[in-house]
Amino acid sequence: MYLHEELETLTRTEIEALQFERLLRTLRRCMKSPFYQKRFAENHLRPDDIRSLDDLRKIPFTTKQDLRDNYPFGLAAVPMSEVVRLHSSSGTTGTPTVILHTQKDLDEWANAVARCLYMVGLRRGDVFQNSSGYGMFTGGLGFQYGAERLGMLTVPAAAGNTKRQIKFITDFGTTALHAIPSYASRLHEVMEEMGIDPERDTKLRTLIIGAEPHSEEQRRKIERMLGVKAYNSFGMSEMCGPGVAFECQEQNGMHIWEDYYIVEIVDPVTLEPVPEGEVGELVLTTINREAMPLLRYRTRDLTRILPGDCPCGRHHKRLDRMKGRSDDMMILKGVNIFPIQIETVLMQFEELGTEYLITLTNEEANDLMTVEVELKEFSDDYARLQALTREITRQLKDEILLTPVVKLLPKGTLPKQEGKAVRVRDLRKTLI
Amino acid sequence: MTVHQISIFVENKSGTLLRVLDLFKDAGIQLIASTISDTVEYGIYRVICSDPSKAYEVLKAAGISASMSEVFAITLDNQPGRAADAVRVLSQAGIGISYLYSFLLGGKGILVFRTDDAERTNEVILRERLASLDDEALVALV
């Protein structure tokens with residue numbers, strides 16, 4: 001039932017003792033990172049000042065901006081010769097962020113993912129197909145190494161080419177698939193076209209879904225369509241990637257591995273802890289990482305800790321489904337996109353004004369982004385308007401890796417913005 | 001010689017067109033010819049009217065995206081086949097027509113068009129003795 005029985009079944013007291021011990025080790029390590037040396041000095045703080053888990057709150061938060069400001073290696077807490085892997089954020093606007101790993105970090109990451117997959121019932125002998133993008137996207141290599149660590153035959157199918165995915169599923173006898181939730185319904189649609197009944201013609205029994213917000217109803221629908229059990233997964237590249245928190249077979253909240261992370265939920269405005277069980281921003285401290293420990297990292301994800309014990313016997317806290325973001329990040333087809341990326345591209349065009357609106361819709365479970373932007377000056381030249389539309393579309397695609405629909409609008413057509421501008425309308429329906 | 005045309009960038013929303021026409025009405029501007037080209041992305045409303053400069057000012061003051069440009073307008077005898085003759089000489093000269101609309105006014109056929117080469121179009125009009133109009137001559141036909 002447990003892959004790491006000793007660690008998974010720790011009592012709360014044992015978890016907290018282990019966390020404190022690992023926190024102290026992490027703090028000592030942080031003193032080798034130029035960023036944290038400076039941060040501690042500025043705040044007249046020394047690792048010795050942290051005498052209990054509660055003292056963690058004396059340490060300032062770390063933000064994504066800190067990662068940008070110290071790009072690429074300013075947070076390294078080990079000599080670069082010990083770093084064996086680097087993952088970087090995909091955005092090309094402004095400064096990207098980088099996460100560094102030692103070999104031990106990669107091992108521990110694989111262990112965490114393996115633990116998650118074992119928890120949902122996967123074993124050596126299963127065939128695991130990963131339809132996540134590979135490369136810098138951590139959902140690729142993260143699941144690959146975790147599934148291999150567990151001893152499963154692991155198929156790095158990567159994203160796209162639905163017919164080929166289905167051929168792999170039937171030919172290789174795939175029993176478990178990792179996919180973003182919106183892709184699951186696409187898969188079902190194409191299976192129907194190909195005359196394949198997922199329950200009769202495939203061995204698919206387990207689906208790992210994550211990286212994209214989805215409702216309980218959506219999960220149940222995916223389970224019915226494909227005849228599988230679908231488990232929610234939570235990860236983020238700053239915390240390695242997948243394997244941070246995962247549902248157990250109870251399918252009621254995601255256990256976050258507290259031997260890897262210290263969890264706080266804070267009010268995103270006051271930054272004070274919220275009362276137990278209330279929604280706030282998830283703040284994580286890595287306590288099992290060498291190359292680049294992060295202290296009190298503001299994830300910007302909004303969630304809450306589910307109260308009560310889980311019947312599975314694990315006392316690691318359970319996170320509720322993500323409720324949204326405390327910033328303006330959008331998640332489209334599993335890709336993280338910030339409005340500022342769109343804005344930066346648009347503002348490079350002389351022909352365009354400053355008003356724009358991003359609308360997200362989902363036609364038949366396919367996420368679609370429409371970017372409406374006002375023209376500064378209008379000239380009656382259809383060919384030029386078309387060429388301009390094409391060029392904007394191309395540059396946006398280079399930036400966000402998805403192709404949006406671009407619409408040029410007359411000046412003054414978009415609703416006038418008063419106060420904080422509303423740049424994004426999310427009209428996506430939660431149900432498939 | 002050319003006439004002035006007003007092009008208005010209209011959103012594909014009912015109401016925008018009425019707003020434009022009401023502005024013209026209030027300003028005492030008369031339409032001579034107009035056409036809407038409507039594509040998925042954007043609609044362009046092109047207007048030939050009694051007072052293009054005033055029309056442009058009125059639209060601008062109302063915050064409506066518009067531009068004023070010059071297009072060719074030639075008169076043709078009111079007989080079948082005259083438009084074909086006119087387009088043929090342009091085509092033979094290798095001139096491409098970007099858009100064109102036609103109407104009857106004062107017993108004459110009128111072709112309004114823009115081409116991809118204004119200079120050569122002028123040459124062809126002169127050489128072939130096509131009867132082209134300016135704003136004044138056009139309004140005189142109303």
# chains A, B, ... in the order shown; residues from 1 in each chain; ligands from 1
$ interface_residues --of "chain A" --to "chain B" --cutoff "12 Å" --atoms "only C-alpha atoms" --output "PyMOL selection string"
chain A and resi 370-386+388-390+405-414
$ residues_around --residues "stretch 76-78 of chain B" --least-positions-apart "5" --cutoff "10 Å" --atoms "only C-alpha atoms" --output "list in words"
Ala83, Asp85, Ala86, Leu104, Leu105, Gly106, Gly107, Lys108, Gly109, Ile110, Leu111, Leu130, Ala131 and Ser132 of chain B
$ write_last_selection --atoms "N, CA and C atoms" --output "mmCIF file, in the first residue's frame"
data_model
loop_
_atom_site.group_PDB
_atom_site.id
_atom_site.type_symbol
_atom_site.label_atom_id
_atom_site.label_comp_id
_atom_site.auth_asym_id
_atom_site.auth_seq_id
_atom_site.Cartn_x
_atom_site.Cartn_y
_atom_site.Cartn_z
ATOM 1 N N ALA B 83 -18.416 48.724 -68.677
ATOM 2 C CA ALA B 83 -17.558 48.424 -67.520
ATOM 3 C C ALA B 83 -16.476 47.442 -67.930
ATOM 4 N N ASP B 85 -15.135 47.074 -70.835
ATOM 5 C CA ASP B 85 -14.135 47.784 -71.626
ATOM 6 C C ASP B 85 -13.141 48.531 -70.729
ATOM 7 N N ALA B 86 -13.699 49.192 -69.719
ATOM 8 C CA ALA B 86 -12.848 49.982 -68.829
ATOM 9 C C ALA B 86 -11.902 49.080 -68.044
ATOM 10 N N LEU B 104 -25.419 53.666 -60.775
ATOM 11 C CA LEU B 104 -25.896 54.570 -61.827
ATOM 12 C C LEU B 104 -26.239 55.902 -61.192
ATOM 13 N N LEU B 105 -25.830 56.991 -61.856
ATOM 14 C CA LEU B 105 -26.107 58.313 -61.301
ATOM 15 C C LEU B 105 -26.295 59.290 -62.470
ATOM 16 N N GLY B 106 -27.438 60.006 -62.467
ATOM 17 C CA GLY B 106 -27.693 61.004 -63.519
ATOM 18 C C GLY B 106 -27.576 60.430 -64.919
ATOM 19 N N GLY B 107 -28.064 59.216 -65.102
ATOM 20 C CA GLY B 107 -28.057 58.607 -66.429
ATOM 21 C C GLY B 107 -26.704 58.077 -66.865
ATOM 22 N N LYS B 108 -25.741 58.093 -65.932
ATOM 23 C CA LYS B 108 -24.404 57.590 -66.258
ATOM 24 C C LYS B 108 -24.063 56.409 -65.348
ATOM 25 N N GLY B 109 -23.252 55.526 -65.889
ATOM 26 C CA GLY B 109 -22.698 54.478 -65.029
ATOM 27 C C GLY B 109 -21.443 55.017 -64.363
ATOM 28 N N ILE B 110 -21.265 54.737 -63.080
ATOM 29 C CA ILE B 110 -20.057 55.206 -62.375
ATOM 30 C C ILE B 110 -19.318 53.981 -61.817
ATOM 31 N N LEU B 111 -18.025 53.931 -62.066
ATOM 32 C CA LEU B 111 -17.177 52.891 -61.460
ATOM 33 C C LEU B 111 -16.258 53.562 -60.457
ATOM 34 N N LEU B 130 -10.463 58.008 -70.640
ATOM 35 C CA LEU B 130 -11.580 57.617 -69.780
ATOM 36 C C LEU B 130 -12.042 58.863 -69.035
ATOM 37 N N ALA B 131 -13.378 58.985 -68.818
ATOM 38 C CA ALA B 131 -13.897 60.189 -68.183
ATOM 39 C C ALA B 131 -13.840 60.047 -66.674
ATOM 40 N N SER B 132 -12.760 60.540 -66.062
ATOM 41 C CA SER B 132 -12.673 60.399 -64.609
ATOM 42 C C SER B 132 -13.189 61.670 -63.941
#
$ residues_around --residues "A:Ile305" --least-positions-apart "3" --cutoff "7 Å" --atoms "only C-alpha atoms" --output "PyMOL selection string"
chain A and resi 277+317-320
$ write_last_selection --atoms "N, CA and C atoms" --output "CSV table (one decimal), in the first residue's frame"
chain,number,residue,atom,x,y,z
A,277,GLY,N,-8.0,25.5,7.5
A,277,GLY,CA,-9.1,25.1,6.6
A,277,GLY,C,-9.6,26.2,5.6
A,317,LYS,N,-0.6,16.4,5.0
A,317,LYS,CA,-1.8,17.2,4.8
A,317,LYS,C,-2.3,17.1,3.4
A,318,ARG,N,-3.6,17.3,3.3
A,318,ARG,CA,-4.2,17.2,2.0
A,318,ARG,C,-4.6,18.6,1.5
A,319,LEU,N,-4.2,18.9,0.2
A,319,LEU,CA,-4.6,20.2,-0.4
A,319,LEU,C,-5.9,20.0,-1.2
A,320,ASP,N,-6.8,20.9,-1.1
A,320,ASP,CA,-8.0,20.9,-1.9
A,320,ASP,C,-7.6,21.3,-3.3
$ residues_around --residues "stretch 20-34 of chain B" --least-positions-apart "5" --cutoff "7 Å" --atoms "only C-alpha atoms" --output "list in words"
Arg46, Val47, Ile48, Cys49, Ser50, Asp51 and Ala55 of chain B
$ write_last_selection --atoms "N, CA and C atoms" --output "compact mmCIF listing (two decimals), in the first residue's frame"
# COMPACT_ATOMS: atom_id res chain seq x y z
N ARG B 46 -17.36 51.74 -46.73
CA ARG B 46 -16.77 52.75 -47.61
C ARG B 46 -17.89 53.64 -48.15
N VAL B 47 -17.64 54.93 -48.10
CA VAL B 47 -18.68 55.89 -48.41
C VAL B 47 -18.19 56.97 -49.37
N ILE B 48 -19.00 57.21 -50.42
CA ILE B 48 -18.81 58.40 -51.25
C ILE B 48 -19.99 59.31 -50.89
N CYS B 49 -19.70 60.55 -50.51
CA CYS B 49 -20.80 61.40 -50.03
C CYS B 49 -20.66 62.83 -50.54
N SER B 50 -21.63 63.64 -50.18
CA SER B 50 -21.68 65.00 -50.70
C SER B 50 -20.57 65.89 -50.14
N ASP B 51 -20.07 65.58 -48.94
CA ASP B 51 -19.03 66.42 -48.35
C ASP B 51 -18.04 65.57 -47.55
N ALA B 55 -17.60 64.99 -43.48
CA ALA B 55 -17.93 63.65 -42.98
C ALA B 55 -16.79 63.13 -42.11
$ atom_distance --atom1 "atom CA of A:Arg423" --atom2 "atom CA of A:Gly353"
14.0 Å
$ residues_around --residues "A:Cys310" --least-positions-apart "2" --cutoff "10 Å" --atoms "only C-alpha atoms" --output "ChimeraX atom specification"
/A:248,250,252-253,255,306-308,312-318
$ residues_around --residues "stretch 190-194 of chain A" --least-positions-apart "3" --cutoff "9 Å" --atoms "only C-alpha atoms" --output "list in words"
Thr162, Lys163, Ile166, Ser185, Arg186, Leu187, Asp197 and Pro198 of chain A
$ decode --residues "stretch 25-37 of chain B" --atoms "N, CA and C atoms" --output "PDB file, in the first residue's frame"
ATOM      1  N   LYS B  25     -26.636  62.175 -41.011  1.00  0.00           N
ATOM      2  CA  LYS B  25     -27.953  62.806 -41.108  1.00  0.00           C
ATOM      3  C   LYS B  25     -27.943  64.146 -40.374  1.00  0.00           C
ATOM      4  N   ASP B  26     -27.438  64.120 -39.138  1.00  0.00           N
ATOM      5  CA  ASP B  26     -27.424  65.339 -38.327  1.00  0.00           C
ATOM      6  C   ASP B  26     -26.566  66.428 -38.969  1.00  0.00           C
ATOM      7  N   ALA B  27     -25.511  65.998 -39.703  1.00  0.00           N
ATOM      8  CA  ALA B  27     -24.604  66.978 -40.311  1.00  0.00           C
ATOM      9  C   ALA B  27     -25.056  67.369 -41.712  1.00  0.00           C
ATOM     10  N   GLY B  28     -26.176  66.812 -42.173  1.00  0.00           N
ATOM     11  CA  GLY B  28     -26.690  67.144 -43.502  1.00  0.00           C
ATOM     12  C   GLY B  28     -25.816  66.625 -44.627  1.00  0.00           C
ATOM     13  N   ILE B  29     -25.191  65.490 -44.388  1.00  0.00           N
ATOM     14  CA  ILE B  29     -24.336  64.891 -45.422  1.00  0.00           C
ATOM     15  C   ILE B  29     -25.130  63.821 -46.162  1.00  0.00           C
ATOM     16  N   GLN B  30     -25.076  63.888 -47.486  1.00  0.00           N
ATOM     17  CA  GLN B  30     -25.852  62.922 -48.269  1.00  0.00           C
ATOM     18  C   GLN B  30     -24.964  61.821 -48.820  1.00  0.00           C
ATOM     19  N   LEU B  31     -25.433  60.595 -48.743  1.00  0.00           N
ATOM     20  CA  LEU B  31     -24.702  59.477 -49.318  1.00  0.00           C
ATOM     21  C   LEU B  31     -24.891  59.474 -50.826  1.00  0.00           C
ATOM     22  N   ILE B  32     -23.816  59.213 -51.551  1.00  0.00           N
ATOM     23  CA  ILE B  32     -23.950  59.022 -52.993  1.00  0.00           C
ATOM     24  C   ILE B  32     -23.845  57.523 -53.295  1.00  0.00           C
ATOM     25  N   ALA B  33     -22.864  56.907 -52.682  1.00  0.00           N
ATOM     26  CA  ALA B  33     -22.744  55.450 -52.804  1.00  0.00           C
ATOM     27  C   ALA B  33     -22.050  54.946 -51.550  1.00  0.00           C
ATOM     28  N   SER B  34     -22.368  53.726 -51.143  1.00  0.00           N
ATOM     29  CA  SER B  34     -21.633  53.156 -50.008  1.00  0.00           C
ATOM     30  C   SER B  34     -21.676  51.648 -50.096  1.00  0.00           C
ATOM     31  N   THR B  35     -20.685  51.032 -49.505  1.00  0.00           N
ATOM     32  CA  THR B  35     -20.604  49.570 -49.547  1.00  0.00           C
ATOM     33  C   THR B  35     -19.935  49.071 -48.273  1.00  0.00           C
ATOM     34  N   ILE B  36     -20.412  47.934 -47.792  1.00  0.00           N
ATOM     35  CA  ILE B  36     -19.780  47.335 -46.613  1.00  0.00           C
ATOM     36  C   ILE B  36     -19.099  46.046 -47.033  1.00  0.00           C
ATOM     37  N   SER B  37     -17.838  45.939 -46.715  1.00  0.00           N
ATOM     38  CA  SER B  37     -17.194  44.640 -46.921  1.00  0.00           C
ATOM     39  C   SER B  37     -17.049  44.025 -45.550  1.00  0.00           C
TER      40      SER B  37
END
